[in-house]
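Participant: Dropping in input_32.tsv, with TSV, C-alpha atoms and all ligand atoms.
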```
chain	number	residue	atom	x	y	z
V	1	MET	CA	3.48	20.98	-8.64
V	2	PRO	CA	2.61	20.72	-12.34
V	3	SER	CA	0.32	23.45	-13.55
V	4	GLU	CA	-1.36	21.58	-16.42
V	5	PHE	CA	-4.26	19.27	-15.63
V	6	LEU	CA	-6.65	16.95	-17.43
V	7	VAL	CA	-10.11	17.48	-16.04
V	8	ARG	CA	-12.49	14.63	-16.86
V	9	THR	CA	-16.21	15.25	-16.93
V	10	VAL	CA	-19.56	13.72	-17.91
V	11	THR	CA	-20.49	13.78	-21.62
V	12	GLY	CA	-22.58	16.93	-22.05
V	13	LEU	CA	-21.18	18.77	-19.02
V	14	GLU	CA	-17.95	19.89	-20.70
V	15	ASP	CA	-18.95	23.55	-21.20
V	16	LEU	CA	-20.53	23.92	-17.75
V	17	THR	CA	-17.41	22.42	-16.16
V	18	ALA	CA	-15.22	24.76	-18.21
V	19	ALA	CA	-17.31	27.72	-16.98
V	20	GLU	CA	-16.93	26.62	-13.34
V	21	ILE	CA	-13.15	26.29	-13.73
V	22	THR	CA	-12.73	29.55	-15.63
V	23	GLU	CA	-14.73	31.44	-12.99
V	24	ALA	CA	-12.31	30.07	-10.37
V	25	GLY	CA	-9.45	31.85	-12.20
V	26	HIS	CA	-7.90	28.96	-14.15
V	27	ARG	CA	-7.35	28.86	-17.92
V	28	VAL	CA	-9.16	26.22	-19.95
V	29	VAL	CA	-6.93	25.67	-22.98
V	30	ASP	CA	-8.85	22.88	-24.72
V	31	VAL	CA	-12.26	21.19	-24.54
V	32	THR	CA	-12.93	17.80	-26.13
V	33	LYS	CA	-15.48	15.08	-25.40
V	34	ARG	CA	-15.43	14.41	-21.63
V	35	GLN	CA	-12.14	16.28	-21.16
V	36	LEU	CA	-10.74	19.74	-20.48
V	37	VAL	CA	-7.09	20.69	-20.51
V	38	VAL	CA	-6.54	23.31	-17.82
V	39	GLU	CA	-3.63	25.56	-16.89
V	40	ALA	CA	-4.12	25.93	-13.17
V	41	ALA	CA	-3.59	29.20	-11.33
V	42	GLY	CA	-3.48	27.22	-8.03
V	43	PRO	CA	-5.32	24.23	-6.59
V	44	ILE	CA	-8.36	23.39	-8.74
V	45	VAL	CA	-11.55	23.04	-6.71
V	46	THR	CA	-14.40	21.65	-8.81
V	47	ARG	CA	-17.68	19.89	-8.03
V	48	LEU	CA	-18.69	19.41	-11.67
V	49	ALA	CA	-15.66	17.36	-12.73
V	50	ASP	CA	-15.54	13.59	-12.50
V	51	ASP	CA	-11.84	13.56	-11.82
V	52	LEU	CA	-8.62	15.46	-12.32
V	53	PHE	CA	-5.06	14.40	-13.28
V	54	ALA	CA	-1.76	16.27	-13.31
V	55	VAL	CA	-0.35	16.08	-16.84
V	56	HIS	CA	2.92	14.12	-16.92
V	57	ALA	CA	3.43	14.19	-20.70
V	58	SER	CA	1.62	14.46	-24.01
V	59	VAL	CA	2.49	13.38	-27.57
V	60	PRO	CA	0.55	13.72	-30.84
V	61	ASP	CA	-2.43	11.32	-31.07
V	62	PRO	CA	-1.04	8.17	-32.78
V	63	GLY	CA	-4.20	7.50	-34.80
V	64	ARG	CA	-5.72	4.08	-35.48
V	65	THR	CA	-2.91	1.52	-35.62
V	66	LYS	CA	-1.36	-0.61	-32.89
V	67	ALA	CA	2.15	0.11	-34.23
V	68	GLY	CA	1.47	3.84	-33.88
V	69	LEU	CA	0.13	3.26	-30.36
V	70	TRP	CA	3.28	1.43	-29.22
V	71	GLN	CA	5.57	4.16	-30.57
V	72	ALA	CA	3.49	6.85	-28.88
V	73	VAL	CA	3.47	4.94	-25.56
V	74	ALA	CA	7.29	4.65	-25.67
V	75	ARG	CA	7.61	8.44	-26.02
V	76	LEU	CA	4.86	9.18	-23.51
V	77	THR	CA	6.39	7.07	-20.74
V	78	ALA	CA	10.07	7.87	-21.45
V	79	HIS	CA	10.57	9.92	-18.29
V	80	LEU	CA	8.05	8.27	-15.99
V	81	ALA	CA	9.56	6.30	-13.08
V	82	PRO	CA	6.80	5.40	-10.61
V	83	ASP	CA	7.87	4.17	-7.18
V	84	SER	CA	4.70	2.24	-6.33
V	85	PRO	CA	2.50	-0.37	-8.03
V	86	ILE	CA	0.31	1.15	-10.72
V	87	SER	CA	-2.91	0.67	-12.57
V	88	VAL	CA	-3.81	2.49	-15.76
V	89	THR	CA	-7.19	3.70	-17.01
V	90	ALA	CA	-7.40	4.63	-20.69
V	91	SER	CA	-10.04	6.08	-22.98
V	92	PHE	CA	-10.13	7.43	-26.51
V	93	THR	CA	-12.37	9.18	-29.00
V	94	GLY	CA	-12.95	7.91	-32.55
V	95	ALA	CA	-12.40	4.53	-34.23
V	96	ARG	CA	-9.19	2.63	-33.36
V	97	ASN	CA	-7.71	-0.79	-34.16
V	98	PHE	CA	-6.97	-1.31	-30.46
V	99	SER	CA	-8.99	-1.39	-27.27
V	100	ARG	CA	-8.63	0.66	-24.07
V	101	TYR	CA	-7.05	-2.45	-22.48
V	102	ASP	CA	-4.38	-2.56	-25.22
V	103	ILE	CA	-3.45	1.03	-24.30
V	104	GLU	CA	-3.46	0.28	-20.57
V	105	ASP	CA	-1.31	-2.86	-20.93
V	106	ALA	CA	1.13	-1.09	-23.29
V	107	VAL	CA	1.68	1.67	-20.71
V	108	GLY	CA	1.75	-0.73	-17.75
V	109	ALA	CA	4.36	-2.95	-19.39
V	110	ARG	CA	6.88	-0.12	-19.70
V	111	LEU	CA	7.11	1.14	-16.15
V	112	GLY	CA	9.25	-1.44	-14.32
V	113	VAL	CA	6.93	-1.66	-11.28
V	114	PRO	CA	4.07	-4.10	-10.56
V	115	TYR	CA	1.17	-3.31	-12.90
V	116	PHE	CA	-2.46	-4.30	-12.27
V	117	SER	CA	-4.43	-4.71	-15.48
V	118	ARG	CA	-8.13	-3.83	-15.48
V	119	ARG	CA	-8.70	-6.16	-18.47
V	120	HIS	CA	-10.46	-8.81	-16.38
V	121	GLY	CA	-12.48	-6.44	-14.20
V	122	ALA	CA	-10.68	-7.02	-10.85
V	123	PRO	CA	-10.10	-3.74	-8.97
V	124	PRO	CA	-6.44	-2.92	-8.23
V	125	PRO	CA	-5.35	-3.38	-4.59
V	126	PRO	CA	-5.30	-0.37	-2.22
V	127	GLY	CA	-2.16	1.74	-2.45
V	128	THR	CA	-1.95	1.37	-6.23
V	129	ALA	CA	-1.30	4.66	-8.04
V	130	ASP	CA	-3.74	5.28	-10.90
V	131	LEU	CA	-2.44	6.68	-14.17
V	132	ARG	CA	-4.86	8.11	-16.72
V	133	VAL	CA	-4.25	7.95	-20.46
V	134	THR	CA	-6.54	9.67	-22.96
V	135	LEU	CA	-6.46	10.04	-26.75
V	136	ASP	CA	-8.60	12.97	-27.80
V	137	GLY	CA	-7.96	12.99	-31.56
V	138	LYS	CA	-5.26	15.66	-31.26
V	139	ALA	CA	-3.00	14.44	-28.45
V	140	MET	CA	-2.29	11.40	-26.30
V	141	TRP	CA	-2.11	12.45	-22.66
V	142	LEU	CA	-0.62	10.78	-19.60
V	143	GLY	CA	-1.84	12.05	-16.25
V	144	VAL	CA	-1.34	11.13	-12.60
V	145	ARG	CA	-4.11	11.56	-10.04
V	146	PRO	CA	-2.76	13.86	-7.32
V	147	HIS	CA	-5.28	12.62	-4.73
V	148	ALA	CA	-6.19	9.13	-3.52
V	149	VAL	CA	-9.78	8.77	-4.72
V	150	PRO	CA	-11.70	10.02	-7.76
V	151	LEU	CA	-13.15	13.52	-7.32
V	152	HIS	CA	-16.74	12.40	-7.98
V	153	ARG	CA	-16.64	10.25	-4.83
V	154	ARG	CA	-18.13	12.40	-2.08
V	155	ALA	CA	-17.28	12.08	1.62
V	156	TRP	CA	-20.90	12.93	2.54
V	157	ARG	CA	-22.35	9.97	0.61
V	158	LYS	CA	-23.10	7.20	3.09
V	159	ALA	CA	-26.23	5.81	1.43
V	160	THR	CA	-27.76	5.68	-2.04
V	161	VAL	CA	-31.09	4.54	-3.53
V	162	VAL	CA	-31.85	3.00	-6.92
V	163	GLY	CA	-31.29	5.81	-9.42
V	164	SER	CA	-29.17	8.02	-7.14
V	165	LEU	CA	-27.66	10.78	-9.20
V	166	HIS	CA	-23.98	11.07	-10.06
V	167	PRO	CA	-22.86	13.91	-7.73
V	168	PRO	CA	-21.17	16.03	-10.45
V	169	VAL	CA	-24.44	16.00	-12.43
V	170	ALA	CA	-26.31	17.14	-9.32
V	171	ALA	CA	-23.69	19.88	-8.81
V	172	ALA	CA	-24.22	21.05	-12.41
V	173	MET	CA	-27.99	21.23	-11.82
V	174	ALA	CA	-27.46	23.20	-8.63
V	175	ARG	CA	-25.27	25.64	-10.52
V	176	LEU	CA	-27.96	26.12	-13.18
V	177	ALA	CA	-30.56	26.78	-10.47
V	178	ASP	CA	-28.89	30.10	-9.57
V	179	ILE	CA	-29.54	29.66	-5.83
V	180	ARG	CA	-29.04	32.79	-3.71
V	181	PRO	CA	-28.61	33.19	0.07
V	182	GLY	CA	-32.04	33.10	1.76
V	183	HIS	CA	-33.71	31.07	-1.01
V	184	VAL	CA	-35.90	28.09	-0.14
V	185	VAL	CA	-34.95	25.15	-2.39
V	186	PHE	CA	-37.25	22.10	-2.70
V	187	ASP	CA	-36.64	18.62	-4.13
V	188	PRO	CA	-39.99	16.79	-4.53
V	189	CYS	CA	-38.46	13.32	-5.16
V	190	CYS	CA	-35.25	13.61	-3.21
V	191	GLY	CA	-34.12	9.96	-3.06
V	192	ALA	CA	-30.91	9.89	-1.03
V	193	GLY	CA	-30.65	13.68	-1.20
V	194	THR	CA	-27.88	14.17	-3.76
V	195	LEU	CA	-29.36	17.30	-5.38
V	196	LEU	CA	-29.97	19.26	-2.19
V	197	ILE	CA	-26.69	18.20	-0.58
V	198	GLU	CA	-24.68	19.27	-3.62
V	199	ALA	CA	-26.70	22.52	-3.78
V	200	LYS	CA	-25.97	23.17	-0.10
V	201	HIS	CA	-22.24	22.85	-0.77
V	202	LEU	CA	-22.60	25.44	-3.51
V	203	GLU	CA	-24.82	27.88	-1.52
V	204	PRO	CA	-24.84	27.14	2.22
V	205	GLY	CA	-26.87	30.30	2.85
V	206	ALA	CA	-30.11	28.92	1.37
V	207	SER	CA	-32.55	26.59	3.14
V	208	TYR	CA	-33.22	23.15	1.76
V	209	ARG	CA	-36.33	20.92	1.91
V	210	GLY	CA	-36.78	17.46	0.44
V	211	ASP	CA	-39.60	14.95	0.14
V	212	ASP	CA	-40.02	11.47	-1.30
V	213	ILE	CA	-42.82	8.91	-1.47
V	214	ASP	CA	-40.47	6.19	-0.21
V	215	PRO	CA	-39.48	6.15	3.51
V	216	VAL	CA	-36.33	4.18	2.64
V	217	ALA	CA	-35.19	7.15	0.51
V	218	ILE	CA	-35.86	9.57	3.38
V	219	ARG	CA	-33.76	7.41	5.72
V	220	ALA	CA	-30.91	7.45	3.17
V	221	ALA	CA	-31.17	11.23	2.79
V	222	ARG	CA	-31.09	11.71	6.59
V	223	LEU	CA	-27.96	9.56	6.82
V	224	ASN	CA	-26.29	11.68	4.13
V	225	ASP	CA	-27.18	15.03	5.70
V	226	PRO	CA	-29.11	15.05	8.99
V	227	ALA	CA	-29.28	18.86	8.99
V	228	ILE	CA	-31.55	19.22	5.92
V	229	ALA	CA	-35.36	19.21	6.40
V	230	TRP	CA	-36.37	15.89	4.80
V	231	ARG	CA	-39.95	14.57	4.48
V	232	THR	CA	-41.34	18.03	4.61
V	233	GLY	CA	-43.77	20.02	2.49
V	234	ALA	CA	-42.46	22.47	-0.04
V	235	GLY	CA	-43.83	25.68	1.43
V	236	LYS	CA	-43.25	28.36	-1.19
V	237	PRO	CA	-39.91	27.47	-2.70
V	238	ASP	CA	-37.81	29.87	-4.73
V	239	ARG	CA	-36.15	27.01	-6.59
V	240	ILE	CA	-37.07	23.40	-7.39
V	241	LEU	CA	-34.46	20.75	-8.13
V	242	ALA	CA	-35.96	17.50	-9.41
V	243	ASN	CA	-34.87	14.05	-10.49
V	244	PRO	CA	-38.10	12.08	-11.07
V	245	PRO	CA	-37.72	8.38	-11.90
V	246	TRP	CA	-36.71	8.17	-15.59
V	247	GLY	CA	-38.56	4.90	-16.10
V	248	VAL	CA	-41.97	6.51	-15.41
V	249	ARG	CA	-44.01	6.76	-18.60
V	250	LEU	CA	-46.17	9.69	-19.61
V	251	PRO	CA	-48.69	10.93	-18.66
V	252	VAL	CA	-47.64	9.81	-15.18
V	253	ALA	CA	-44.48	11.94	-15.26
V	254	GLU	CA	-46.46	14.99	-16.30
V	255	ASP	CA	-48.93	14.39	-13.45
V	256	LEU	CA	-45.99	14.05	-11.10
V	257	SER	CA	-44.66	17.48	-12.06
V	258	LYS	CA	-48.19	18.98	-11.73
V	259	ARG	CA	-48.00	18.36	-8.00
V	260	TRP	CA	-44.81	20.39	-7.67
V	261	PRO	CA	-45.39	23.92	-6.39
V	262	GLU	CA	-44.66	27.06	-8.37
V	263	ALA	CA	-41.16	28.45	-8.00
V	264	GLY	CA	-38.99	31.10	-9.62
V	265	ARG	CA	-36.92	28.47	-11.39
V	266	LEU	CA	-36.97	24.72	-11.80
V	267	VAL	CA	-34.05	22.53	-12.83
V	268	ALA	CA	-35.01	18.93	-13.61
V	269	ILE	CA	-33.20	15.99	-15.10
V	270	LEU	CA	-35.57	14.11	-17.39
V	271	GLY	CA	-35.40	10.81	-19.27
V	272	GLU	CA	-36.26	10.29	-22.93
V	273	GLY	CA	-39.90	11.24	-23.60
V	274	GLN	CA	-40.40	12.87	-20.19
V	275	ARG	CA	-41.57	16.46	-20.09
V	276	LEU	CA	-42.78	19.01	-17.58
V	277	ASP	CA	-46.40	20.10	-17.39
V	278	ARG	CA	-47.51	23.19	-19.32
V	279	ARG	CA	-47.00	25.70	-16.51
V	280	TRP	CA	-43.26	25.56	-17.12
V	281	THR	CA	-41.47	27.29	-19.99
V	282	THR	CA	-38.15	25.73	-20.84
V	283	VAL	CA	-35.32	28.28	-21.04
V	284	GLY	CA	-32.36	25.90	-21.28
V	285	GLU	CA	-31.68	22.27	-22.17
V	286	TYR	CA	-28.48	20.30	-21.68
V	287	PRO	CA	-28.41	16.81	-23.21
V	288	LEU	CA	-26.08	14.42	-21.42
V	289	SER	CA	-25.26	10.78	-21.09
V	290	VAL	CA	-25.57	9.24	-17.62
V	291	ALA	CA	-24.92	5.53	-17.01
V	292	GLY	CA	-25.39	4.90	-20.74
V	293	ARG	CA	-28.78	6.68	-20.86
V	294	ARG	CA	-29.53	9.77	-22.91
V	295	VAL	CA	-31.12	12.26	-20.55
V	296	ARG	CA	-31.34	16.03	-20.38
V	297	ILE	CA	-31.19	18.74	-17.78
V	298	VAL	CA	-34.05	21.18	-18.30
V	299	VAL	CA	-34.07	24.68	-16.86
V	300	ALA	CA	-37.61	26.11	-16.73
V	301	LEU	CA	-39.50	29.15	-15.49
V	302	ILE	CA	-43.17	29.56	-14.64
V	303	GLY	CA	-45.20	31.20	-17.41
V	304	LYS	CA	-43.62	32.86	-20.42
B	1	LIG	C1	-34.31	8.88	-9.53
B	1	LIG	S1	-34.79	8.76	-7.88
B	1	LIG	C2	-34.09	10.21	-7.15
B	1	LIG	C3	-32.66	9.98	-6.80
B	1	LIG	C4	-32.04	11.13	-6.07
B	1	LIG	N1	-31.85	12.30	-6.91
B	1	LIG	C5	-30.70	10.68	-5.50
B	1	LIG	O1	-29.65	11.14	-5.97
B	1	LIG	O2	-30.70	9.80	-4.66
B	1	LIG	C6	-36.47	9.16	-7.92
B	1	LIG	C7	-37.14	9.21	-6.59
B	1	LIG	O3	-38.49	9.63	-6.80
B	1	LIG	C8	-39.29	9.02	-5.81
B	1	LIG	N2	-40.70	9.09	-6.26
B	1	LIG	C9	-41.32	8.34	-7.18
B	1	LIG	N3	-42.61	8.72	-7.31
B	1	LIG	C10	-42.79	9.73	-6.44
B	1	LIG	C11	-43.91	10.56	-6.11
B	1	LIG	N4	-45.08	10.39	-6.70
B	1	LIG	N5	-43.71	11.52	-5.18
B	1	LIG	C12	-42.52	11.70	-4.58
B	1	LIG	N6	-41.44	10.94	-4.85
B	1	LIG	C13	-41.57	9.98	-5.77
B	1	LIG	C14	-38.72	7.63	-5.68
B	1	LIG	O4	-39.05	7.05	-4.43
B	1	LIG	C15	-37.22	7.88	-5.86
B	1	LIG	O5	-36.57	8.00	-4.62
```
Please express what this file holds, its structure, as structure tokens.
Facilitator:
Amino acid sequence: MPSEFLVRTVTGLEDLTAAEITEAGHRVVDVTKRQLVVEAAGPIVTRLADDLFAVHASVPDPGRTKAGLWQAVARLTAHLAPDSPISVTASFTGARNFSRYDIEDAVGARLGVPYFSRRHGAPPPPGTADLRVTLDGKAMWLGVRPHAVPLHRRAWRKATVVGSLHPPVAAAMARLADIRPGHVVFDPCCGAGTLLIEAKHLEPGASYRGDDIDPVAIRAARLNDPAIAWRTGAGKPDRILANPPWGVRLPVAEDLSKRWPEAGRLVAILGEGQRLDRRWTTVGEYPLSVAGRRVRIVVALIGK
């Protein structure tokens, strides 16, 4: 099994993902936008990463031109001989004279097996192996996903609501909440339950309570984890995890947070212009980009 991996993550979560992976005993050898290069000490288990690919090859980043791209692709794919149909997903940093689809088609054309282009938006058929190509300004990487589905897809997720959180973002928030065994953790606008369910995976020894104004959301949350106490009051929580609707304009959002109980620590994900009420002192902020929106994770304590 190859020991070098590309770990893909959400813009803004690179350092938190690197910390999670380092704590698990692996070596993070490079961090660029949305990507870590990791020397694995064994199987990598991560909840913060979007996905993970075993490195097949890397060559120096070819720069801007199409001619450079084609030469780099020839070297990158020289020893790759897939035995099943493939699709390719590519991404790059910086300005280029080619698109991601030009990269994908250049790689796909060289492999001698059926290739499904993503250029026209149709998903590849089941059973297609997905290759990942990234250009990070220093190197051009070719990786192969060692598992069938992307890591961010969670087996527990049976239902979502409008605005359901990307699970790796929820996992990052849970990590920042510093939840200990015995803690009571409350989500005042739980939606389909992503925050508490991800937190429970991280610390199964705490107890989790969620509430939401919308009964449809509570039904979705119950489907996703029937064992958590949904539609229940907060009691006296030790931690609050919150994802209020980003579209809500102030002062409504501030009023919303005023109804949340006091707790030792609050971790919220807020949209542009949203802020917590004055009881909370912000001790950490993590700007990130989720579904094309600039949001931030805020870690706050009560008082000073
Ligand atoms: C962005 S969604 C939460 C999504 C959730 N984190 C998930 O992953 O599914 C915001 C939720 O806040 C709920 N909400 C809006 N106003 C509320 C209020 N005043 N009290 C409680 N919940 C509220 C909405 O019904 C919605 O489910």
Participant: Pick from V:Arg209, V:His166, V:Arg278, V:Arg132: nearest to ligand LIG 1 (chain B), with all atoms listed in the file counted?
Facilitator: V:His166
Participant: Which of these residues is nearest to ligand LIG 1 (chain B), using only C-alpha atoms and all ligand atoms: V:Trp246, V:Tyr101, V:Trp280, V:Tyr286?
Facilitator: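 Selected residue with least distance to ligand LIG 1 (chain B): V:Trp246.
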Participant: With all atoms listed in the file as the atoms that count, which of V:Ala268, V:Ile197, V:Gly112, V:Ala172 lies nearest to Ser84 of chain V?
Facilitator: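 Closest candidate: V:Gly112.
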Participant: Could you list, as a PDB file with C-alpha atoms, keeping the file's coordinate frame, every residue within 12 Å of Ala171 of chain V, counting all atoms listed in the file and ignoring same-chain residues fewer than 4 positions away?
Facilitator:
```pdb
ATOM      1  CA  THR V   9     -16.210  15.250 -16.930  1.00  0.00           C
ATOM      2  CA  VAL V  10     -19.560  13.720 -17.910  1.00  0.00           C
ATOM      3  CA  LEU V  13     -21.180  18.770 -19.020  1.00  0.00           C
ATOM      4  CA  LEU V  16     -20.530  23.920 -17.750  1.00  0.00           C
ATOM      5  CA  THR V  17     -17.410  22.420 -16.160  1.00  0.00           C
ATOM      6  CA  GLU V  20     -16.930  26.620 -13.340  1.00  0.00           C
ATOM      7  CA  THR V  46     -14.400  21.650  -8.810  1.00  0.00           C
ATOM      8  CA  ARG V  47     -17.680  19.890  -8.030  1.00  0.00           C
ATOM      9  CA  LEU V  48     -18.690  19.410 -11.670  1.00  0.00           C
ATOM     10  CA  ALA V  49     -15.660  17.360 -12.730  1.00  0.00           C
ATOM     11  CA  ASP V  50     -15.540  13.590 -12.500  1.00  0.00           C
ATOM     12  CA  HIS V 152     -16.740  12.400  -7.980  1.00  0.00           C
ATOM     13  CA  ARG V 154     -18.130  12.400  -2.080  1.00  0.00           C
ATOM     14  CA  LEU V 165     -27.660  10.780  -9.200  1.00  0.00           C
ATOM     15  CA  HIS V 166     -23.980  11.070 -10.060  1.00  0.00           C
ATOM     16  CA  PRO V 167     -22.860  13.910  -7.730  1.00  0.00           C
ATOM     17  CA  ARG V 175     -25.270  25.640 -10.520  1.00  0.00           C
ATOM     18  CA  LEU V 176     -27.960  26.120 -13.180  1.00  0.00           C
ATOM     19  CA  ALA V 177     -30.560  26.780 -10.470  1.00  0.00           C
ATOM     20  CA  ASP V 178     -28.890  30.100  -9.570  1.00  0.00           C
ATOM     21  CA  ILE V 179     -29.540  29.660  -5.830  1.00  0.00           C
ATOM     22  CA  THR V 194     -27.880  14.170  -3.760  1.00  0.00           C
ATOM     23  CA  LEU V 195     -29.360  17.300  -5.380  1.00  0.00           C
ATOM     24  CA  LEU V 196     -29.970  19.260  -2.190  1.00  0.00           C
ATOM     25  CA  ILE V 197     -26.690  18.200  -0.580  1.00  0.00           C
ATOM     26  CA  GLU V 198     -24.680  19.270  -3.620  1.00  0.00           C
ATOM     27  CA  ALA V 199     -26.700  22.520  -3.780  1.00  0.00           C
ATOM     28  CA  LYS V 200     -25.970  23.170  -0.100  1.00  0.00           C
ATOM     29  CA  HIS V 201     -22.240  22.850  -0.770  1.00  0.00           C
ATOM     30  CA  LEU V 202     -22.600  25.440  -3.510  1.00  0.00           C
ATOM     31  CA  GLU V 203     -24.820  27.880  -1.520  1.00  0.00           C
ATOM     32  CA  LEU V 241     -34.460  20.750  -8.130  1.00  0.00           C
ATOM     33  CA  VAL V 267     -34.050  22.530 -12.830  1.00  0.00           C
ATOM     34  CA  ILE V 297     -31.190  18.740 -17.780  1.00  0.00           C
TER      35      ILE V 297
END
```
Participant: Can you tell me, as a ChimeraX atom specification, what residues are no more than 12 Å from Leu301 of chain V when counting only C-alpha atoms, ignoring any on the same chain fewer than 3 positions away?
Facilitator: /V:177,238-240,262-268,276-284,298,304
Participant: As a quick test: using all atoms listed in the file, which residues lie no more than 6 Å away from ligand LIG 1 (chain B)? Give them as a ChimeraX atom specification.
Facilitator: /V:160-161,163-165,188-195,212-214,217,243-245,256
Participant: With C-alpha atoms kept, could you save the residues just selected as a PDB file, keeping the file's coordinate frame?
Facilitator:
```pdb
ATOM      1  CA  THR V 160     -27.760   5.680  -2.040  1.00  0.00           C
ATOM      2  CA  VAL V 161     -31.090   4.540  -3.530  1.00  0.00           C
ATOM      3  CA  GLY V 163     -31.290   5.810  -9.420  1.00  0.00           C
ATOM      4  CA  SER V 164     -29.170   8.020  -7.140  1.00  0.00           C
ATOM      5  CA  LEU V 165     -27.660  10.780  -9.200  1.00  0.00           C
ATOM      6  CA  PRO V 188     -39.990  16.790  -4.530  1.00  0.00           C
ATOM      7  CA  CYS V 189     -38.460  13.320  -5.160  1.00  0.00           C
ATOM      8  CA  CYS V 190     -35.250  13.610  -3.210  1.00  0.00           C
ATOM      9  CA  GLY V 191     -34.120   9.960  -3.060  1.00  0.00           C
ATOM     10  CA  ALA V 192     -30.910   9.890  -1.030  1.00  0.00           C
ATOM     11  CA  GLY V 193     -30.650  13.680  -1.200  1.00  0.00           C
ATOM     12  CA  THR V 194     -27.880  14.170  -3.760  1.00  0.00           C
ATOM     13  CA  LEU V 195     -29.360  17.300  -5.380  1.00  0.00           C
ATOM     14  CA  ASP V 212     -40.020  11.470  -1.300  1.00  0.00           C
ATOM     15  CA  ILE V 213     -42.820   8.910  -1.470  1.00  0.00           C
ATOM     16  CA  ASP V 214     -40.470   6.190  -0.210  1.00  0.00           C
ATOM     17  CA  ALA V 217     -35.190   7.150   0.510  1.00  0.00           C
ATOM     18  CA  ASN V 243     -34.870  14.050 -10.490  1.00  0.00           C
ATOM     19  CA  PRO V 244     -38.100  12.080 -11.070  1.00  0.00           C
ATOM     20  CA  PRO V 245     -37.720   8.380 -11.900  1.00  0.00           C
ATOM     21  CA  LEU V 256     -45.990  14.050 -11.100  1.00  0.00           C
TER      22      LEU V 256
END
```
Participant: In Å, rounded to a single decimal, give me how far atom CA of His56 of chain V is from atom CA of Pro43 of chain V.
Facilitator: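 Result for atom CA of Pro43 of chain V versus atom CA of His56 of chain V: 16.6 Å, one decimal.
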Participant: Need the shell around Ala18 of chain V: protein/DNA/RNA residues with any atom at most 10 Å away, counting only C-alpha atoms. Skip same-chain ones fewer than 2 positions apart. Format as an mmCIF file with C-alpha atoms, in the frame of the given file?
Facilitator:
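result_10.cif written:
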```cif
data_model
loop_
_atom_site.group_PDB
_atom_site.id
_atom_site.type_symbol
_atom_site.label_atom_id
_atom_site.label_comp_id
_atom_site.auth_asym_id
_atom_site.auth_seq_id
_atom_site.Cartn_x
_atom_site.Cartn_y
_atom_site.Cartn_z
ATOM 1 C CA VAL V 7 -10.110 17.480 -16.040
ATOM 2 C CA THR V 9 -16.210 15.250 -16.930
ATOM 3 C CA LEU V 13 -21.180 18.770 -19.020
ATOM 4 C CA GLU V 14 -17.950 19.890 -20.700
ATOM 5 C CA ASP V 15 -18.950 23.550 -21.200
ATOM 6 C CA LEU V 16 -20.530 23.920 -17.750
ATOM 7 C CA GLU V 20 -16.930 26.620 -13.340
ATOM 8 C CA ILE V 21 -13.150 26.290 -13.730
ATOM 9 C CA THR V 22 -12.730 29.550 -15.630
ATOM 10 C CA GLU V 23 -14.730 31.440 -12.990
ATOM 11 C CA ALA V 24 -12.310 30.070 -10.370
ATOM 12 C CA HIS V 26 -7.900 28.960 -14.150
ATOM 13 C CA ARG V 27 -7.350 28.860 -17.920
ATOM 14 C CA VAL V 28 -9.160 26.220 -19.950
ATOM 15 C CA VAL V 29 -6.930 25.670 -22.980
ATOM 16 C CA ASP V 30 -8.850 22.880 -24.720
ATOM 17 C CA VAL V 31 -12.260 21.190 -24.540
ATOM 18 C CA GLN V 35 -12.140 16.280 -21.160
ATOM 19 C CA LEU V 36 -10.740 19.740 -20.480
ATOM 20 C CA VAL V 37 -7.090 20.690 -20.510
ATOM 21 C CA VAL V 38 -6.540 23.310 -17.820
ATOM 22 C CA THR V 46 -14.400 21.650 -8.810
ATOM 23 C CA LEU V 48 -18.690 19.410 -11.670
ATOM 24 C CA ALA V 49 -15.660 17.360 -12.730
#
```
Participant: Which residue out of V:Ala300, V:Gly25, V:Ile86, V:Asp130 has the minimum interatomic distance to Val45 of chain V when all atoms listed in the file are used?
Facilitator: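 Checking each candidate against Val45 of chain V, we get V:Gly25 as the closest.
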Participant: What is the distance between atom CA of Thr65 of chain V and atom CA of Ala78 of chain V, in Å to one decimal?
Facilitator: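 Separation of atom CA of Thr65 of chain V and atom CA of Ala78 of chain V: 20.2 Å.
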Participant: Work out how far apart atom CA of Ile302 of chain V and atom CA of Arg180 of chain V are and give it in Å to one decimal.
Facilitator: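 For atom CA of Ile302 of chain V relative to atom CA of Arg180 of chain V, the distance reads 18.2 Å.
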Participant: List the spatial neighbours of segment 116-118 of chain V as number ranges by chain - criterion: any atom at most 10 Å away, only C-alpha atoms, same-chain residues fewer than 3 positions off excluded.
Facilitator: V: 85-90, 100-102, 104-105, 108-109, 113, 121-125, 128-130
Participant: So that I can see what lies close to Pro237 of chain V, please list as a list in words the residues with an atom at most 7 Å from it, counting all atoms listed in the file and leaving out residues fewer than 6 positions away in the same chain.
Facilitator: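 Within the cut-off, the hits are Val184, Val185, Phe186 and Ala263 of chain V.
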Participant: Write the residues you've just listed into a file as an mmCIF file, keeping the file's coordinate frame, and include C-alpha atoms for each of them.
Facilitator:
```cif
data_model
loop_
_atom_site.group_PDB
_atom_site.id
_atom_site.type_symbol
_atom_site.label_atom_id
_atom_site.label_comp_id
_atom_site.auth_asym_id
_atom_site.auth_seq_id
_atom_site.Cartn_x
_atom_site.Cartn_y
_atom_site.Cartn_z
ATOM 1 C CA VAL V 184 -35.900 28.090 -0.140
ATOM 2 C CA VAL V 185 -34.950 25.150 -2.390
ATOM 3 C CA PHE V 186 -37.250 22.100 -2.700
ATOM 4 C CA ALA V 263 -41.160 28.450 -8.000
#
```
Participant: Go through V:Arg8, V:Leu69, V:Arg34, V:Leu52 one by one, measure the shortest atom-to-atom distance of each to Ser289 of chain V using all atoms listed in the file, and give the residue with the smallest value.
Facilitator: V:Arg34
